[in-house]
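Visitor: Provided herewith is a single structure, encoded as structure tokens, for subsequent inquiry.
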Amino acid sequence: MQAAIDIGTNSVLLLIGERLPDGSVRPIEDRAKVTRLGEGLTATGAISEAAAERTLSALREYMQLCDSHKVTGIAAIGTAALRNASNASDFLLMAKKVMGLSIEVISPEREAELTFLAAASDFGREIVVIDIGGGSTEFITELKGVRELVSIPIGCVNLTENHVRGDAASNHELDELRGNIRQELARCIQPQIFARPHEAKLVATAGTATTIMAIRLALDPYIPDAVHGSLLKITDLRDIVDMLRCKTVAERRSIKGLMPERADVILAGSILLHDAMSYLGYADATVSDRGVKWGLFYESFCKA
């Protein structure tokens, strides 16, 4: 058995899996913990001591799981928070010293490649993928065998920290947030590559998309197989945004299907997904429960 670990701005993800004779992967452990490594990063430029300890605690738990399953190989990556923090090297050194864990900090382009690999394994290559993270969002597609990818420097955590200053978002704050999203989409995305009218399927992956679908299906507990491959209509997403914006963070924590730790950032992530779908002209998106960590697992342990 092998393991893939994805250390993101908002959450730390673990996949322990076994490659089967037919080339598929049987998941043994599929875990997610919200540790908010990027908390306060926009304001300070550095990972806080509390955020580092929360994340290291999750990694210690994951390493114990790997030991209990007698994992023979671990691939670990870090994304936006570790790309951008001035003290990222201190965190990486601590992870290496305490757990013997070597973490590769990957570029937005490599993050997008791994995301596309995971999505294409399940939904084919005629897709446009959107991966909303805590500190960045990636768009990936493949046209006539040529990979196209864009990373924009906004995600559910930094959008929340930059624009939502109270417990419940005001109309003015949401207008600012949406203005930031539209500005980045217009600045970075070439509609002729990523938008309709081509026939590629839109695949939405990572925590924002899976959480929205869990809310839509009122899942408690979360059921990966119910989410993976499900269809999210933009009209349903709009209804969820309207519902979330009327609630305080405390009220959101009681919503069925929403992890309490995501209650503060889910509104910004939902608006980002809605506005991206609207900008690109998609009426619906297929939700993938298998993101970067699955792509990393395939790349690291499933090569012929």
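In the structure tokens, chains take letters A, B, ... by order of appearance, with residues numbered from 1 within each chain and ligands from 1 in the order shown.
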Within 8 Å of Gly207 of chain A, counting only C-alpha atoms, which residues qualify if same-chain residues fewer than 4 places away don't, as a list in words?
Guide: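 So, after excluding close chain neighbours, the residues are Ile132, Gly133 and Thr211 of chain A.
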Visitor: Can you tell me, as a ChimeraX atom specification, what residues are no more than 10 Å from Ala81 of chain A when counting only C-alpha atoms, ignoring any on the same chain fewer than 3 positions away?
Guide: /A:7-10,36-39,41-42,45-47,78,84-86,88,105,134-136
Visitor: Restricted to C-alpha atoms, what would the selected residues look like written as an mmCIF file, in the first residue's frame?
Guide:
data_model
loop_
_atom_site.group_PDB
_atom_site.id
_atom_site.type_symbol
_atom_site.label_atom_id
_atom_site.label_comp_id
_atom_site.auth_asym_id
_atom_site.auth_seq_id
_atom_site.Cartn_x
_atom_site.Cartn_y
_atom_site.Cartn_z
ATOM 1 C CA ILE A 7 -1.229 19.977 2.209
ATOM 2 C CA GLY A 8 -3.424 22.850 1.108
ATOM 3 C CA THR A 9 -4.232 26.332 2.317
ATOM 4 C CA ASN A 10 -7.452 25.188 3.983
ATOM 5 C CA ARG A 36 -6.363 26.344 7.809
ATOM 6 C CA LEU A 37 -2.609 26.484 7.221
ATOM 7 C CA GLY A 38 -3.116 29.723 5.291
ATOM 8 C CA GLU A 39 -5.014 31.492 8.075
ATOM 9 C CA LEU A 41 -1.375 34.577 5.388
ATOM 10 C CA THR A 42 -2.797 37.379 3.237
ATOM 11 C CA GLY A 45 2.745 36.885 4.600
ATOM 12 C CA ALA A 46 3.670 34.104 7.021
ATOM 13 C CA ILE A 47 2.255 30.881 8.465
ATOM 14 C CA GLY A 78 2.177 21.431 -0.571
ATOM 15 C CA ASN A 84 3.584 31.911 -0.741
ATOM 16 C CA ALA A 85 4.534 31.957 2.949
ATOM 17 C CA SER A 86 7.782 33.672 3.864
ATOM 18 C CA ALA A 88 7.415 27.982 4.529
ATOM 19 C CA VAL A 105 6.055 22.368 -2.776
ATOM 20 C CA GLY A 134 -7.996 27.950 -0.239
ATOM 21 C CA GLY A 135 -5.502 30.325 -1.841
ATOM 22 C CA SER A 136 -5.740 29.720 -5.584
#
Visitor: Mind listing the strand (DSSP E or B) residues of segment 51-292 of chain A, per DSSP on the backbone, as a PyMOL selection string?
Guide: chain A and resi 73-78+104-105+127-132+137-143+146-152+201-205+231-233+284-288
Visitor: May I have the residues within 10 Å of Glu161 of chain A as a list of chain:residue names, using only C-alpha atoms and disregarding those fewer than 5 positions away in the same chain?
Guide: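 What passes the distance filter is A:Glu39, A:Gly40, A:Leu41, A:Thr42, A:Ala43, A:Cys156, A:Gly166, A:Asp264, A:Val265, A:Ala268.
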Visitor: Kindly export the residues of the current selection with all heavy atoms, as a tab-separated table (two decimals), in the first residue's frame.
Guide:
chain	number	residue	atom	x	y	z
A	39	GLU	N	-4.29	30.50	7.28
A	39	GLU	CA	-5.01	31.49	8.08
A	39	GLU	C	-4.14	32.72	8.34
A	39	GLU	O	-3.02	32.62	8.85
A	39	GLU	CB	-5.44	30.87	9.40
A	39	GLU	CG	-6.27	31.80	10.28
A	39	GLU	CD	-6.71	31.10	11.55
A	39	GLU	OE1	-5.84	30.56	12.26
A	39	GLU	OE2	-7.93	31.05	11.80
A	40	GLY	N	-4.62	33.90	7.96
A	40	GLY	CA	-3.89	35.13	8.19
A	40	GLY	C	-2.74	35.37	7.23
A	40	GLY	O	-2.06	36.40	7.33
A	41	LEU	N	-2.52	34.47	6.29
A	41	LEU	CA	-1.38	34.58	5.39
A	41	LEU	C	-1.45	35.82	4.52
A	41	LEU	O	-0.42	36.47	4.25
A	41	LEU	CB	-1.29	33.32	4.51
A	41	LEU	CG	-0.11	33.20	3.55
A	41	LEU	CD1	1.21	33.23	4.30
A	41	LEU	CD2	-0.22	31.91	2.74
A	42	THR	N	-2.64	36.20	4.08
A	42	THR	CA	-2.80	37.38	3.24
A	42	THR	C	-2.31	38.63	3.96
A	42	THR	O	-1.66	39.49	3.37
A	42	THR	CB	-4.27	37.56	2.83
A	42	THR	OG1	-4.71	36.38	2.15
A	42	THR	CG2	-4.44	38.75	1.91
A	43	ALA	N	-2.62	38.73	5.25
A	43	ALA	CA	-2.27	39.93	6.02
A	43	ALA	C	-0.81	39.95	6.44
A	43	ALA	O	-0.16	41.00	6.40
A	43	ALA	CB	-3.17	40.03	7.25
A	156	CYS	N	-11.13	30.15	-1.57
A	156	CYS	CA	-12.17	30.39	-0.56
A	156	CYS	C	-11.63	31.06	0.70
A	156	CYS	O	-12.35	31.83	1.35
A	156	CYS	CB	-12.90	29.09	-0.23
A	156	CYS	SG	-11.85	27.80	0.47
A	166	GLY	N	-17.15	40.65	8.74
A	166	GLY	CA	-18.05	40.38	9.86
A	166	GLY	C	-18.49	38.94	9.88
A	166	GLY	O	-18.09	38.12	9.04
A	264	ASP	N	-17.10	29.16	7.66
A	264	ASP	CA	-16.76	30.56	7.40
A	264	ASP	C	-16.34	30.82	5.96
A	264	ASP	O	-16.49	31.94	5.46
A	264	ASP	CB	-15.67	31.02	8.37
A	264	ASP	CG	-14.42	30.17	8.32
A	264	ASP	OD1	-14.50	29.01	7.86
A	264	ASP	OD2	-13.34	30.64	8.76
A	265	VAL	N	-15.81	29.81	5.26
A	265	VAL	CA	-15.28	30.05	3.91
A	265	VAL	C	-16.17	29.51	2.79
A	265	VAL	O	-15.90	29.75	1.62
A	265	VAL	CB	-13.86	29.46	3.77
A	265	VAL	CG1	-12.90	30.14	4.74
A	265	VAL	CG2	-13.85	27.95	3.93
A	268	ALA	N	-17.83	32.24	0.26
A	268	ALA	CA	-16.92	32.78	-0.76
A	268	ALA	C	-16.61	31.73	-1.82
A	268	ALA	O	-16.58	32.03	-3.02
A	268	ALA	CB	-15.63	33.28	-0.12
Visitor: May I ask for the distance between atom CA of Glu29 of chain A and atom CA of Tyr222 of chain A, given in Å to one decimal place?
Guide: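 These atoms are spaced 14.1 Å apart.
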Visitor: Where does DSSP see helix (DSSP H, G or I) in segment 17-230 of chain A, if you list the residues as a VMD selection string?
Guide: chain A and resid 41 to 44 49 to 68 80 to 84 88 to 99 108 to 123 156 to 163 171 to 188 191 to 194 207 to 217 224 to 227
Visitor: With only C-alpha atoms as the atoms that count, which of A:Ala120, A:Val292, A:Leu219, A:Leu59 lies nearest to Ala206 of chain A?
Guide: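 Once distances to Ala206 of chain A are computed over only C-alpha atoms, the minimum belongs to A:Val292.
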Visitor: Taking into account only C-alpha atoms, which residue in the set A:Asn171, A:Asn158, A:Gln192, A:Thr79 is nearest to Lys293 of chain A?
Guide: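 Smallest distance to Lys293 of chain A is found for A:Thr79.
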Visitor: Determine, using only C-alpha atoms, which residues of segment 62-175 of chain A have any atom at most 12 Å from an atom of segment 275-282 of chain A, and tabulate each with its shortest atom pair and distance in Å to one decimal place, rows ordered by chain and then rising number, as a Markdown table.
Guide:
| residue | atom | partner | partner_atom | distance |
| --- | --- | --- | --- | --- |
| A:Val128 | CA | A:Leu280 | CA | 10.1 |
| A:Val129 | CA | A:Met277 | CA | 11.0 |
| A:Ile130 | CA | A:Ala276 | CA | 8.6 |
| A:Asp131 | CA | A:Ala276 | CA | 10.9 |
| A:Ile132 | CA | A:Ala276 | CA | 10.3 |
| A:Thr137 | CA | A:Ala276 | CA | 10.3 |
| A:Glu138 | CA | A:Ala276 | CA | 11.1 |
| A:Phe139 | CA | A:Ala276 | CA | 9.9 |
| A:Ile152 | CA | A:Ala276 | CA | 11.5 |
| A:Ile154 | CA | A:Ala276 | CA | 11.9 |
| A:Gly155 | CA | A:Ala276 | CA | 11.9 |
Visitor: Within 10 Å of segment 239-255 of chain A, counting only C-alpha atoms, which residues show up once you throw out same-chain ones fewer than 2 positions away? Write them as a CSV table (one decimal) with all heavy atoms, in the first residue's frame, please.
Guide:
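selection_4.csv, freshly written:
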chain,number,residue,atom,x,y,z
A,166,GLY,N,-17.2,40.7,8.7
A,166,GLY,CA,-18.0,40.4,9.9
A,166,GLY,C,-18.5,38.9,9.9
A,166,GLY,O,-18.1,38.1,9.0
A,167,ASP,N,-19.3,38.6,10.9
A,167,ASP,CA,-19.8,37.2,11.0
A,167,ASP,C,-20.7,36.9,9.8
A,167,ASP,O,-20.8,35.7,9.4
A,167,ASP,CB,-20.5,37.1,12.3
A,167,ASP,CG,-21.0,35.7,12.6
A,167,ASP,OD1,-20.1,34.8,12.5
A,167,ASP,OD2,-22.1,35.4,12.8
A,168,ALA,N,-21.5,37.8,9.4
A,168,ALA,CA,-22.4,37.6,8.2
A,168,ALA,C,-22.0,38.7,7.2
A,168,ALA,O,-21.7,39.8,7.5
A,168,ALA,CB,-23.8,37.8,8.6
A,169,ALA,N,-21.9,38.3,5.9
A,169,ALA,CA,-21.4,39.1,4.8
A,169,ALA,C,-22.5,40.2,4.5
A,169,ALA,O,-23.6,39.8,4.3
A,169,ALA,CB,-21.0,38.3,3.6
A,170,SER,N,-22.0,41.4,4.4
A,170,SER,CA,-22.9,42.5,4.0
A,170,SER,C,-23.0,42.5,2.5
A,170,SER,O,-22.2,41.9,1.8
A,170,SER,CB,-22.4,43.9,4.5
A,170,SER,OG,-21.2,44.2,3.8
A,171,ASN,N,-24.0,43.2,1.9
A,171,ASN,CA,-24.2,43.3,0.5
A,171,ASN,C,-23.0,44.0,-0.1
A,171,ASN,O,-22.5,43.6,-1.2
A,171,ASN,CB,-25.5,44.1,0.1
A,171,ASN,CG,-26.7,43.3,0.4
A,171,ASN,OD1,-26.7,42.1,0.4
A,171,ASN,ND2,-27.8,44.0,0.7
A,174,LEU,N,-20.1,41.5,-0.3
A,174,LEU,CA,-20.3,40.6,-1.4
A,174,LEU,C,-20.1,41.2,-2.8
A,174,LEU,O,-19.6,40.6,-3.7
A,174,LEU,CB,-21.7,39.9,-1.3
A,174,LEU,CG,-21.9,39.0,0.0
A,174,LEU,CD1,-23.3,38.4,0.0
A,174,LEU,CD2,-20.8,37.9,0.0
A,212,ILE,N,-20.5,21.7,-1.4
A,212,ILE,CA,-21.8,22.2,-2.0
A,212,ILE,C,-22.7,21.0,-2.3
A,212,ILE,O,-23.9,21.1,-2.1
A,212,ILE,CB,-21.5,23.1,-3.2
A,212,ILE,CG1,-20.9,24.4,-2.8
A,212,ILE,CG2,-22.8,23.4,-4.0
A,212,ILE,CD1,-20.3,25.2,-4.0
A,213,MET,N,-22.1,20.0,-2.9
A,213,MET,CA,-23.0,18.8,-3.3
A,213,MET,C,-23.5,18.1,-2.1
A,213,MET,O,-24.6,17.6,-2.0
A,213,MET,CB,-22.2,17.9,-4.2
A,213,MET,CG,-23.1,16.7,-4.7
A,213,MET,SD,-24.7,17.2,-5.4
A,213,MET,CE,-24.2,18.0,-7.0
A,215,ILE,N,-24.2,19.5,0.7
A,215,ILE,CA,-25.3,20.3,1.2
A,215,ILE,C,-26.5,20.1,0.4
A,215,ILE,O,-27.6,19.9,0.9
A,215,ILE,CB,-24.9,21.8,1.2
A,215,ILE,CG1,-23.8,22.1,2.2
A,215,ILE,CG2,-26.2,22.7,1.4
A,215,ILE,CD1,-23.3,23.5,2.1
A,216,ARG,N,-26.3,20.0,-1.0
A,216,ARG,CA,-27.4,19.8,-1.9
A,216,ARG,C,-28.1,18.4,-1.6
A,216,ARG,O,-29.3,18.3,-1.7
A,216,ARG,CB,-26.9,19.8,-3.3
A,216,ARG,CG,-27.9,19.4,-4.4
A,216,ARG,CD,-28.8,20.5,-4.7
A,216,ARG,NE,-29.7,20.1,-5.8
A,216,ARG,CZ,-30.8,19.3,-5.6
A,216,ARG,NH1,-31.2,18.9,-4.4
A,216,ARG,NH2,-31.6,19.0,-6.6
A,218,ALA,N,-27.9,16.9,1.3
A,218,ALA,CA,-28.1,16.8,2.8
A,218,ALA,C,-27.4,15.5,3.4
A,218,ALA,O,-28.0,14.7,4.1
A,218,ALA,CB,-29.6,16.8,3.1
A,219,LEU,N,-26.1,15.3,3.1
A,219,LEU,CA,-25.4,14.1,3.5
A,219,LEU,C,-24.8,14.3,4.9
A,219,LEU,O,-24.1,15.2,5.2
A,219,LEU,CB,-24.2,13.9,2.5
A,219,LEU,CG,-24.6,13.5,1.1
A,219,LEU,CD1,-23.4,13.3,0.3
A,219,LEU,CD2,-25.5,12.3,1.0
A,220,ASP,N,-25.2,13.4,5.8
A,220,ASP,CA,-24.6,13.4,7.1
A,220,ASP,C,-24.7,11.9,7.6
A,220,ASP,O,-25.8,11.5,8.0
A,220,ASP,CB,-25.4,14.3,8.0
A,220,ASP,CG,-24.8,14.4,9.4
A,220,ASP,OD1,-23.6,14.1,9.5
A,220,ASP,OD2,-25.5,14.8,10.3
A,234,ILE,N,-26.4,25.0,-12.0
A,234,ILE,CA,-26.1,26.3,-11.6
A,234,ILE,C,-27.2,26.9,-10.8
A,234,ILE,O,-27.1,27.8,-9.9
A,234,ILE,CB,-25.6,27.2,-12.7
A,234,ILE,CG1,-24.9,28.5,-12.2
A,234,ILE,CG2,-26.7,27.5,-13.7
A,234,ILE,CD1,-24.2,29.3,-13.2
A,235,THR,N,-28.5,26.5,-11.2
A,235,THR,CA,-29.6,27.0,-10.5
A,235,THR,C,-29.7,26.5,-9.1
A,235,THR,O,-30.0,27.3,-8.1
A,235,THR,CB,-30.9,26.6,-11.2
A,235,THR,OG1,-30.9,25.2,-11.5
A,235,THR,CG2,-31.1,27.3,-12.6
A,236,ASP,N,-29.3,25.3,-8.8
A,236,ASP,CA,-29.2,24.8,-7.5
A,236,ASP,C,-28.1,25.5,-6.7
A,236,ASP,O,-28.2,25.7,-5.5
A,236,ASP,CB,-29.0,23.3,-7.5
A,236,ASP,CG,-30.2,22.5,-8.0
A,236,ASP,OD1,-31.3,23.0,-7.9
A,236,ASP,OD2,-30.0,21.4,-8.5
A,237,LEU,N,-27.0,25.7,-7.4
A,237,LEU,CA,-25.9,26.4,-6.7
A,237,LEU,C,-26.3,27.8,-6.3
A,237,LEU,O,-25.9,28.3,-5.2
A,237,LEU,CB,-24.7,26.4,-7.7
A,237,LEU,CG,-23.4,27.2,-7.2
A,237,LEU,CD1,-22.9,26.8,-5.9
A,237,LEU,CD2,-22.3,27.1,-8.3
A,257,GLY,N,-24.7,18.4,5.9
A,257,GLY,CA,-23.7,18.3,4.7
A,257,GLY,C,-22.5,19.2,4.8
A,257,GLY,O,-21.6,19.0,4.0
A,258,LEU,N,-22.6,20.2,5.7
A,258,LEU,CA,-21.5,21.2,5.7
A,258,LEU,C,-20.6,20.9,6.9
A,258,LEU,O,-21.1,21.0,8.1
A,258,LEU,CB,-22.1,22.6,5.8
A,258,LEU,CG,-21.1,23.8,6.1
A,258,LEU,CD1,-20.0,23.8,5.0
A,258,LEU,CD2,-21.8,25.1,6.2
A,259,MET,N,-19.3,20.6,6.7
A,259,MET,CA,-18.4,20.5,7.8
A,259,MET,C,-18.3,21.8,8.6
A,259,MET,O,-18.1,22.8,8.0
A,259,MET,CB,-17.0,20.1,7.3
A,259,MET,CG,-16.8,18.7,6.7
A,259,MET,SD,-15.2,18.5,6.0
A,259,MET,CE,-14.2,18.7,7.5
A,260,PRO,N,-18.5,21.8,9.9
A,260,PRO,CA,-18.4,23.0,10.7
A,260,PRO,C,-17.2,23.9,10.4
A,260,PRO,O,-17.2,25.1,10.4
A,260,PRO,CB,-18.5,22.5,12.1
A,260,PRO,CG,-19.2,21.2,12.0
A,260,PRO,CD,-18.8,20.6,10.7
A,261,GLU,N,-16.0,23.2,10.2
A,261,GLU,CA,-14.8,23.9,9.9
A,261,GLU,C,-14.8,24.7,8.6
A,261,GLU,O,-13.9,25.5,8.4
A,261,GLU,CB,-13.6,22.9,9.9
A,261,GLU,CG,-13.4,22.1,11.2
A,261,GLU,CD,-14.2,20.8,11.2
A,261,GLU,OE1,-15.1,20.7,10.4
A,261,GLU,OE2,-13.8,20.0,12.1
A,262,ARG,N,-15.7,24.4,7.7
A,262,ARG,CA,-15.8,25.1,6.5
A,262,ARG,C,-16.8,26.2,6.5
A,262,ARG,O,-17.0,26.9,5.5
A,262,ARG,CB,-16.1,24.1,5.3
A,262,ARG,CG,-14.9,23.2,5.0
A,262,ARG,CD,-15.3,22.4,3.7
A,262,ARG,NE,-14.2,21.4,3.4
A,262,ARG,CZ,-13.1,21.7,2.7
A,262,ARG,NH1,-12.9,22.9,2.3
A,262,ARG,NH2,-12.2,20.7,2.5
A,263,ALA,N,-17.5,26.4,7.6
A,263,ALA,CA,-18.7,27.3,7.6
A,263,ALA,C,-18.3,28.7,7.3
A,263,ALA,O,-19.1,29.4,6.7
A,263,ALA,CB,-19.3,27.2,9.0
A,264,ASP,N,-17.1,29.2,7.7
A,264,ASP,CA,-16.8,30.6,7.4
A,264,ASP,C,-16.3,30.8,6.0
A,264,ASP,O,-16.5,31.9,5.5
A,264,ASP,CB,-15.7,31.0,8.4
A,264,ASP,CG,-14.4,30.2,8.3
A,264,ASP,OD1,-14.5,29.0,7.9
A,264,ASP,OD2,-13.3,30.6,8.8
A,265,VAL,N,-15.8,29.8,5.3
A,265,VAL,CA,-15.3,30.0,3.9
A,265,VAL,C,-16.2,29.5,2.8
A,265,VAL,O,-15.9,29.8,1.6
A,265,VAL,CB,-13.9,29.5,3.8
A,265,VAL,CG1,-12.9,30.1,4.7
A,265,VAL,CG2,-13.8,27.9,3.9
A,266,ILE,N,-17.2,28.8,3.1
A,266,ILE,CA,-18.0,28.1,2.1
A,266,ILE,C,-18.8,29.2,1.2
A,266,ILE,O,-19.0,28.9,0.1
A,266,ILE,CB,-19.0,27.1,2.7
A,266,ILE,CG1,-19.7,26.3,1.6
A,266,ILE,CG2,-20.0,27.7,3.6
A,266,ILE,CD1,-18.7,25.5,0.7
A,267,LEU,N,-19.2,30.3,1.8
A,267,LEU,CA,-19.9,31.3,1.0
A,267,LEU,C,-19.0,31.8,-0.1
A,267,LEU,O,-19.5,31.9,-1.2
A,267,LEU,CB,-20.4,32.4,1.9
A,267,LEU,CG,-21.1,33.6,1.2
A,267,LEU,CD1,-22.3,33.1,0.4
A,267,LEU,CD2,-21.5,34.7,2.2
A,268,ALA,N,-17.8,32.2,0.3
A,268,ALA,CA,-16.9,32.8,-0.8
A,268,ALA,C,-16.6,31.7,-1.8
A,268,ALA,O,-16.6,32.0,-3.0
A,268,ALA,CB,-15.6,33.3,-0.1
A,269,GLY,N,-16.4,30.5,-1.4
A,269,GLY,CA,-16.1,29.4,-2.4
A,269,GLY,C,-17.3,29.2,-3.3
A,269,GLY,O,-17.1,28.9,-4.5
A,270,SER,N,-18.5,29.2,-2.7
A,270,SER,CA,-19.7,29.0,-3.5
A,270,SER,C,-19.9,30.1,-4.5
A,270,SER,O,-20.3,29.8,-5.7
A,270,SER,CB,-20.9,28.8,-2.6
A,270,SER,OG,-20.8,27.8,-1.7
A,271,ILE,N,-19.7,31.3,-4.1
A,271,ILE,CA,-19.8,32.4,-5.1
A,271,ILE,C,-18.8,32.3,-6.2
A,271,ILE,O,-19.1,32.5,-7.4
A,271,ILE,CB,-19.7,33.7,-4.3
A,271,ILE,CG1,-20.9,33.9,-3.4
A,271,ILE,CG2,-19.6,34.9,-5.3
A,271,ILE,CD1,-20.9,35.1,-2.5
A,274,HIS,N,-19.9,29.6,-8.6
A,274,HIS,CA,-21.1,30.1,-9.3
A,274,HIS,C,-20.7,31.1,-10.4
A,274,HIS,O,-21.1,31.0,-11.6
A,274,HIS,CB,-22.1,30.7,-8.4
A,274,HIS,CG,-23.3,31.4,-9.1
A,274,HIS,ND1,-23.2,32.6,-9.6
A,274,HIS,CD2,-24.5,30.9,-9.4
A,274,HIS,CE1,-24.4,32.9,-10.2
A,274,HIS,NE2,-25.2,31.8,-10.1
Visitor: For Leu296 of chain A, which residue out of A:Lys233, A:Lys144, A:Arg110, A:Lys70 is the nearest one, using only C-alpha atoms?
Guide: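 Smallest separation from Leu296 of chain A among the options: A:Arg110.
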Visitor: What lies within 9 Å of Ala119 of chain A using only C-alpha atoms, ignoring chain neighbours under 3 positions off, as a PyMOL selection string?
Guide: chain A and resi 114-116+122-125+127+129+203+205+288+290-291+294-295
Visitor: Please indicate the distance in Å from atom CA of Glu126 of chain A to atom CA of Ser230 of chain A, rounded to one decimal place.
Guide: 17.3 Å
